[in-house]
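*Asks:* Contents of run-v2.txt (compact mmCIF, N, CA and C atoms and all ligand atoms) are below:
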# COMPACT_ATOMS: atom_id res chain seq x y z
N MET A 968 -2.92 -11.21 -13.54
CA MET A 968 -4.25 -11.83 -13.47
C MET A 968 -4.12 -13.34 -13.55
N THR A 969 -4.66 -14.01 -12.59
CA THR A 969 -4.57 -15.46 -12.58
C THR A 969 -5.74 -16.07 -13.33
N LEU A 970 -5.43 -17.05 -14.13
CA LEU A 970 -6.48 -17.74 -14.87
C LEU A 970 -6.83 -19.02 -14.13
N VAL A 971 -8.07 -19.07 -13.70
CA VAL A 971 -8.50 -20.22 -12.91
C VAL A 971 -9.81 -20.75 -13.48
N THR A 972 -9.86 -22.04 -13.67
CA THR A 972 -11.10 -22.64 -14.15
C THR A 972 -11.91 -23.12 -12.95
N THR A 973 -12.96 -22.41 -12.68
CA THR A 973 -13.77 -22.78 -11.53
C THR A 973 -15.02 -23.52 -11.97
N ARG A 974 -15.55 -24.27 -11.07
CA ARG A 974 -16.78 -24.99 -11.36
C ARG A 974 -17.88 -23.99 -11.70
N PRO A 975 -18.71 -24.29 -12.71
CA PRO A 975 -19.78 -23.36 -13.08
C PRO A 975 -20.80 -23.19 -11.97
N VAL A 976 -21.05 -24.23 -11.26
CA VAL A 976 -22.02 -24.15 -10.18
C VAL A 976 -21.40 -24.66 -8.88
N ILE A 977 -21.25 -23.78 -7.96
CA ILE A 977 -20.85 -24.21 -6.63
C ILE A 977 -21.90 -23.70 -5.64
N LYS A 978 -21.95 -24.30 -4.49
CA LYS A 978 -22.98 -23.91 -3.52
C LYS A 978 -22.35 -23.61 -2.17
N PRO A 979 -21.72 -22.45 -2.10
CA PRO A 979 -21.09 -22.09 -0.83
C PRO A 979 -22.13 -21.71 0.22
N LEU A 980 -21.82 -22.02 1.46
CA LEU A 980 -22.70 -21.65 2.56
C LEU A 980 -22.13 -20.44 3.29
N CYS A 981 -23.03 -19.64 3.84
CA CYS A 981 -22.60 -18.55 4.72
C CYS A 981 -21.92 -19.16 5.94
N THR A 982 -20.75 -18.61 6.29
CA THR A 982 -20.05 -19.18 7.43
C THR A 982 -20.67 -18.73 8.76
N ARG A 983 -21.61 -17.79 8.69
CA ARG A 983 -22.30 -17.38 9.92
C ARG A 983 -23.64 -18.07 10.08
N HIS A 984 -24.40 -18.14 8.98
CA HIS A 984 -25.76 -18.69 9.07
C HIS A 984 -25.87 -20.10 8.53
N HIS A 985 -24.85 -20.54 7.81
CA HIS A 985 -24.84 -21.87 7.21
C HIS A 985 -26.01 -22.08 6.28
N SER A 986 -26.42 -20.98 5.64
CA SER A 986 -27.46 -21.06 4.62
C SER A 986 -26.83 -20.86 3.25
N LEU A 987 -27.52 -21.33 2.22
CA LEU A 987 -27.00 -21.27 0.87
C LEU A 987 -26.89 -19.82 0.39
N MET A 988 -25.78 -19.48 -0.24
CA MET A 988 -25.61 -18.13 -0.74
C MET A 988 -25.93 -18.10 -2.24
N ALA A 989 -26.42 -16.94 -2.72
CA ALA A 989 -26.84 -16.81 -4.12
C ALA A 989 -25.88 -15.92 -4.90
N LEU A 990 -25.65 -16.26 -6.16
CA LEU A 990 -24.72 -15.53 -7.00
C LEU A 990 -25.31 -14.20 -7.45
N GLY A 991 -24.50 -13.14 -7.39
CA GLY A 991 -24.95 -11.83 -7.86
C GLY A 991 -23.75 -10.97 -8.20
N GLU A 992 -24.01 -9.73 -8.60
CA GLU A 992 -22.92 -8.80 -8.90
C GLU A 992 -22.99 -7.64 -7.93
N PHE A 993 -21.84 -7.25 -7.44
CA PHE A 993 -21.80 -6.22 -6.42
C PHE A 993 -20.67 -5.25 -6.68
N GLY A 994 -21.04 -3.97 -6.74
CA GLY A 994 -20.02 -2.94 -6.82
C GLY A 994 -19.05 -3.15 -7.97
N GLU A 995 -17.90 -2.56 -7.83
CA GLU A 995 -16.91 -2.66 -8.90
C GLU A 995 -15.52 -2.72 -8.29
N GLN A 996 -14.65 -3.40 -9.00
CA GLN A 996 -13.25 -3.39 -8.64
C GLN A 996 -12.48 -3.16 -9.92
N ALA A 997 -11.77 -2.04 -10.00
CA ALA A 997 -11.04 -1.68 -11.22
C ALA A 997 -11.98 -1.61 -12.41
N GLY A 998 -13.21 -1.09 -12.19
CA GLY A 998 -14.15 -0.90 -13.27
C GLY A 998 -14.92 -2.13 -13.68
N VAL A 999 -14.67 -3.24 -13.02
CA VAL A 999 -15.34 -4.49 -13.37
C VAL A 999 -16.25 -4.91 -12.23
N PRO A 1000 -17.52 -5.21 -12.55
CA PRO A 1000 -18.42 -5.67 -11.48
C PRO A 1000 -17.88 -6.94 -10.82
N VAL A 1001 -18.02 -6.99 -9.52
CA VAL A 1001 -17.54 -8.15 -8.79
C VAL A 1001 -18.66 -9.17 -8.69
N GLN A 1002 -18.38 -10.37 -9.19
CA GLN A 1002 -19.34 -11.46 -9.04
C GLN A 1002 -19.03 -12.21 -7.75
N ALA A 1003 -20.06 -12.40 -6.97
CA ALA A 1003 -19.84 -13.10 -5.72
C ALA A 1003 -21.13 -13.76 -5.25
N TYR A 1004 -20.96 -14.79 -4.44
CA TYR A 1004 -22.10 -15.39 -3.77
C TYR A 1004 -22.35 -14.62 -2.49
N LYS A 1005 -23.63 -14.36 -2.22
CA LYS A 1005 -23.96 -13.51 -1.10
C LYS A 1005 -25.01 -14.19 -0.22
N CYS A 1006 -24.84 -14.03 1.09
CA CYS A 1006 -25.82 -14.57 2.04
C CYS A 1006 -27.13 -13.80 1.91
N GLY A 1007 -28.25 -14.50 2.06
CA GLY A 1007 -29.56 -13.89 1.89
C GLY A 1007 -30.12 -13.26 3.16
N GLU A 1008 -29.46 -13.47 4.28
CA GLU A 1008 -29.95 -12.88 5.53
C GLU A 1008 -29.85 -11.35 5.46
N ALA A 1009 -30.86 -10.69 6.00
CA ALA A 1009 -31.03 -9.25 5.82
C ALA A 1009 -29.78 -8.43 6.19
N ASP A 1010 -29.22 -8.66 7.34
CA ASP A 1010 -28.12 -7.80 7.76
C ASP A 1010 -26.78 -8.53 7.72
N CYS A 1011 -26.71 -9.56 6.90
CA CYS A 1011 -25.47 -10.31 6.80
C CYS A 1011 -24.66 -9.80 5.60
N THR A 1012 -23.38 -9.54 5.84
CA THR A 1012 -22.53 -8.99 4.78
C THR A 1012 -21.63 -10.05 4.17
N ARG A 1013 -21.87 -11.30 4.54
CA ARG A 1013 -21.00 -12.39 4.12
C ARG A 1013 -21.10 -12.66 2.62
N ALA A 1014 -19.98 -12.79 1.96
CA ALA A 1014 -19.97 -13.11 0.54
C ALA A 1014 -18.75 -13.98 0.24
N TYR A 1015 -18.80 -14.65 -0.91
CA TYR A 1015 -17.70 -15.52 -1.32
C TYR A 1015 -17.57 -15.50 -2.83
N ASN A 1016 -16.35 -15.46 -3.31
CA ASN A 1016 -16.10 -15.88 -4.68
C ASN A 1016 -14.78 -16.61 -4.74
N SER A 1017 -14.56 -17.29 -5.85
CA SER A 1017 -13.46 -18.25 -5.88
C SER A 1017 -12.10 -17.58 -5.98
N SER A 1018 -12.06 -16.28 -6.30
CA SER A 1018 -10.76 -15.63 -6.34
C SER A 1018 -10.41 -14.96 -5.02
N GLN A 1019 -11.43 -14.46 -4.30
CA GLN A 1019 -11.16 -13.77 -3.04
C GLN A 1019 -11.37 -14.68 -1.83
N GLY A 1020 -12.18 -15.70 -1.99
CA GLY A 1020 -12.59 -16.46 -0.83
C GLY A 1020 -13.71 -15.72 -0.10
N TYR A 1021 -13.84 -15.98 1.18
CA TYR A 1021 -14.89 -15.31 1.95
C TYR A 1021 -14.47 -13.89 2.28
N PHE A 1022 -15.46 -12.99 2.19
CA PHE A 1022 -15.22 -11.61 2.60
C PHE A 1022 -16.54 -11.00 3.04
N ASP A 1023 -16.46 -9.82 3.62
CA ASP A 1023 -17.66 -9.09 3.98
C ASP A 1023 -17.85 -7.94 3.01
N LEU A 1024 -19.09 -7.77 2.59
CA LEU A 1024 -19.42 -6.73 1.63
C LEU A 1024 -20.09 -5.59 2.39
N VAL A 1025 -19.37 -4.48 2.51
CA VAL A 1025 -19.87 -3.35 3.28
C VAL A 1025 -20.31 -2.24 2.34
N ASP A 1026 -21.50 -1.68 2.57
CA ASP A 1026 -22.04 -0.61 1.73
C ASP A 1026 -22.17 -1.05 0.27
N GLY A 1027 -22.34 -2.32 0.02
CA GLY A 1027 -22.58 -2.81 -1.32
C GLY A 1027 -21.37 -2.88 -2.22
N SER A 1028 -20.23 -2.37 -1.77
CA SER A 1028 -19.09 -2.37 -2.69
C SER A 1028 -17.74 -2.59 -2.03
N THR A 1029 -17.63 -2.31 -0.74
CA THR A 1029 -16.33 -2.44 -0.09
C THR A 1029 -16.11 -3.86 0.40
N MET A 1030 -15.00 -4.44 -0.01
CA MET A 1030 -14.72 -5.81 0.37
C MET A 1030 -13.74 -5.86 1.53
N LEU A 1031 -14.14 -6.53 2.58
CA LEU A 1031 -13.25 -6.73 3.72
C LEU A 1031 -12.87 -8.19 3.76
N LEU A 1032 -11.62 -8.47 3.47
CA LEU A 1032 -11.18 -9.86 3.43
C LEU A 1032 -11.11 -10.45 4.82
N GLN A 1033 -11.40 -11.72 4.88
CA GLN A 1033 -11.49 -12.41 6.17
C GLN A 1033 -10.24 -13.20 6.51
N MET A 1034 -10.01 -13.31 7.77
CA MET A 1034 -8.86 -14.09 8.23
C MET A 1034 -9.19 -15.57 8.38
N GLU A 1035 -10.47 -15.87 8.45
CA GLU A 1035 -10.85 -17.26 8.69
C GLU A 1035 -10.93 -18.07 7.40
N GLN A 1036 -10.47 -17.47 6.32
CA GLN A 1036 -10.47 -18.16 5.03
C GLN A 1036 -9.57 -19.40 5.06
N ARG A 1037 -10.01 -20.44 4.40
CA ARG A 1037 -9.16 -21.63 4.24
C ARG A 1037 -8.73 -21.76 2.79
N ASP A 1038 -7.50 -22.05 2.59
CA ASP A 1038 -6.99 -22.23 1.23
C ASP A 1038 -6.81 -23.70 0.93
N CYS A 1039 -7.02 -24.05 -0.33
CA CYS A 1039 -6.86 -25.43 -0.76
C CYS A 1039 -5.42 -25.87 -0.57
N PRO A 1040 -5.19 -27.01 0.08
CA PRO A 1040 -3.82 -27.50 0.28
C PRO A 1040 -3.17 -27.93 -1.03
N ASP A 1041 -3.96 -28.19 -2.06
CA ASP A 1041 -3.41 -28.66 -3.33
C ASP A 1041 -3.08 -27.54 -4.30
N CYS A 1042 -4.01 -26.58 -4.47
CA CYS A 1042 -3.79 -25.55 -5.47
C CYS A 1042 -3.75 -24.15 -4.89
N GLY A 1043 -4.08 -23.99 -3.61
CA GLY A 1043 -3.95 -22.69 -2.98
C GLY A 1043 -5.13 -21.76 -3.14
N LEU A 1044 -6.15 -22.20 -3.88
CA LEU A 1044 -7.33 -21.36 -4.03
C LEU A 1044 -8.13 -21.30 -2.73
N PRO A 1045 -8.88 -20.21 -2.55
CA PRO A 1045 -9.76 -20.16 -1.39
C PRO A 1045 -10.84 -21.24 -1.48
N MET A 1046 -11.04 -21.95 -0.41
CA MET A 1046 -12.06 -22.99 -0.40
C MET A 1046 -13.38 -22.41 0.11
N TYR A 1047 -14.46 -23.16 -0.12
CA TYR A 1047 -15.75 -22.70 0.39
C TYR A 1047 -16.38 -23.74 1.28
N LEU A 1048 -17.23 -23.25 2.18
CA LEU A 1048 -17.92 -24.13 3.10
C LEU A 1048 -19.07 -24.81 2.37
N ARG A 1049 -18.99 -26.12 2.23
CA ARG A 1049 -19.98 -26.86 1.44
C ARG A 1049 -21.13 -27.35 2.32
N SER A 1050 -20.82 -27.82 3.49
CA SER A 1050 -21.87 -28.32 4.36
C SER A 1050 -21.43 -28.27 5.81
N ARG A 1051 -22.41 -28.25 6.66
CA ARG A 1051 -22.13 -28.24 8.09
C ARG A 1051 -23.12 -29.17 8.79
N GLN A 1052 -22.58 -30.08 9.58
CA GLN A 1052 -23.44 -31.04 10.25
C GLN A 1052 -23.91 -30.49 11.59
N ALA A 1053 -24.94 -31.16 12.12
CA ALA A 1053 -25.50 -30.73 13.39
C ALA A 1053 -24.47 -30.77 14.51
N ASP A 1054 -23.50 -31.66 14.38
CA ASP A 1054 -22.49 -31.77 15.44
C ASP A 1054 -21.36 -30.75 15.27
N GLY A 1055 -21.49 -29.89 14.26
CA GLY A 1055 -20.51 -28.82 14.10
C GLY A 1055 -19.37 -29.13 13.14
N SER A 1056 -19.32 -30.34 12.60
CA SER A 1056 -18.25 -30.66 11.67
C SER A 1056 -18.55 -30.04 10.30
N GLU A 1057 -17.52 -29.52 9.67
CA GLU A 1057 -17.71 -28.79 8.43
C GLU A 1057 -16.99 -29.47 7.27
N THR A 1058 -17.57 -29.34 6.08
CA THR A 1058 -16.91 -29.81 4.88
C THR A 1058 -16.55 -28.62 4.01
N TRP A 1059 -15.26 -28.48 3.68
CA TRP A 1059 -14.81 -27.40 2.82
C TRP A 1059 -14.36 -27.99 1.50
N ARG A 1060 -14.69 -27.30 0.41
CA ARG A 1060 -14.34 -27.77 -0.92
C ARG A 1060 -13.55 -26.72 -1.68
N CYS A 1061 -12.72 -27.20 -2.58
CA CYS A 1061 -12.02 -26.35 -3.51
C CYS A 1061 -12.94 -26.09 -4.71
N ALA A 1062 -12.92 -24.86 -5.25
CA ALA A 1062 -13.83 -24.49 -6.33
C ALA A 1062 -13.26 -24.77 -7.71
N GLN A 1063 -12.01 -25.20 -7.78
CA GLN A 1063 -11.39 -25.37 -9.08
C GLN A 1063 -11.71 -26.73 -9.69
N ILE A 1064 -12.08 -26.69 -10.98
CA ILE A 1064 -12.36 -27.94 -11.70
C ILE A 1064 -11.09 -28.79 -11.75
N GLY A 1065 -11.23 -30.07 -11.47
CA GLY A 1065 -10.08 -30.95 -11.53
C GLY A 1065 -9.38 -31.10 -10.20
N CYS A 1066 -9.68 -30.22 -9.29
CA CYS A 1066 -9.09 -30.33 -7.97
C CYS A 1066 -10.10 -30.98 -7.04
N LYS A 1067 -9.77 -32.12 -6.54
CA LYS A 1067 -10.74 -32.89 -5.78
C LYS A 1067 -10.64 -32.62 -4.28
N SER A 1068 -9.86 -31.63 -3.97
CA SER A 1068 -9.55 -31.45 -2.57
C SER A 1068 -10.76 -31.02 -1.73
N SER A 1069 -10.89 -31.64 -0.61
CA SER A 1069 -11.86 -31.18 0.38
C SER A 1069 -11.33 -31.58 1.73
N SER A 1070 -11.74 -30.90 2.75
CA SER A 1070 -11.23 -31.25 4.06
C SER A 1070 -12.34 -31.22 5.09
N GLN A 1071 -12.19 -32.04 6.07
CA GLN A 1071 -13.15 -32.13 7.15
C GLN A 1071 -12.53 -31.53 8.40
N SER A 1072 -13.34 -30.88 9.18
CA SER A 1072 -12.83 -30.43 10.46
C SER A 1072 -13.95 -30.40 11.48
N SER A 1073 -13.61 -30.57 12.70
CA SER A 1073 -14.61 -30.55 13.75
C SER A 1073 -14.55 -29.22 14.47
N ALA A 1074 -15.72 -28.62 14.68
CA ALA A 1074 -15.78 -27.36 15.39
C ALA A 1074 -16.04 -27.59 16.88
N GLY A 1075 -16.13 -28.84 17.26
CA GLY A 1075 -16.44 -29.15 18.65
C GLY A 1075 -15.33 -28.74 19.59
N SER A 1076 -15.67 -28.52 20.83
CA SER A 1076 -14.66 -28.08 21.78
C SER A 1076 -14.07 -29.29 22.48
ZN ZN B 1 -25.12 -15.00 6.57
ZN ZN B 2 -7.71 -26.99 -5.08
Just dump the structure as structure tokens.
*Replies:*
Amino acid sequence: MTLVTTRPVIKPLCTRHHSLMALGEFGEQAGVPVQAYKCGEADCTRAYNSSQGYFDLVDGSTMLLQMEQRDCPDCGLPMYLRSRQADGSETWRCAQIGCKSSSQSSAGS
């Protein structure tokens, strides 16, 4: 079990809808409820937490890990999408306290 100090409040965005996700508990893993941020769109299964990164939540409990996850170049934790501009450029942040890492990327073609 890895011990990670994460920020108490982070605001990850859904990577599909780019809307703010809300913290909740979903299903169980090894008998422990999984805390994750979840997209509010009706049929969106997108979720994020700082230990798994982005994943899809199927049937309320099954986690499907994503390949499009970005890991922090400094500490290796899954990063979250913090903001997305109209021109498609994205800001990703690391969720760990003390790690200032963030990266910019352009989604333009
Ligand atoms: Zn969504
Ligand atoms: Zn980091």
*Asks:* Mind listing the residues within 6 Å of ligand ZN 1 (chain B), all atoms listed in the file counted, as a list in words?
*Replies:* Cys981, Thr982, Arg983, His984, His985, Cys1006, Gly1007, Glu1008, Cys1011, Thr1012 and Arg1013 of chain A
*Asks:* May I ask you to write as a ChimeraX atom specification all residues lying at most 8 Å from ligand ZN 2 (chain B), with all atoms listed in the file counted?
*Replies:* /A:1038-1046,1060-1069
*Asks:* Give me, please, the distance in Å between atom CA of Phe993 of chain A and atom CA of Arg1037 of chain A, quoted to one decimal.
*Replies:*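 For atom CA of Phe993 of chain A relative to atom CA of Arg1037 of chain A, the distance reads 22.6 Å.
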*Asks:* Could you please determine the separation between atom CA of Lys1005 of chain A and atom CA of Leu1024 of chain A in Å, to one decimal place?
*Replies:*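 Going from atom CA of Lys1005 of chain A over to atom CA of Leu1024 of chain A covers 8.6 Å.
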*Asks:* Hey, which of A:Leu1032, A:Lys978, A:Gln996, A:Thr1058 ends up closest to Gly1020 of chain A? Count all atoms listed in the file.
*Replies:*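 Using all atoms listed in the file, Gly1020 of chain A sits closest to A:Leu1032.
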*Asks:* Please report the interatomic distance between atom N of Ala997 of chain A and atom CA of Arg1049 of chain A in Å with one decimal.
*Replies:*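 Result for atom N of Ala997 of chain A versus atom CA of Arg1049 of chain A: 28.5 Å, one decimal.
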*Asks:* Mind checking DSSP for chain A and telling me the strand (DSSP E or B) residues as an MDAnalysis selection string?
*Replies:* chainID A and resid 973 980 987 989:996 999:1005 1013:1016 1020:1025 1029:1032 1038 1045:1051 1057:1061 1063 1069:1072
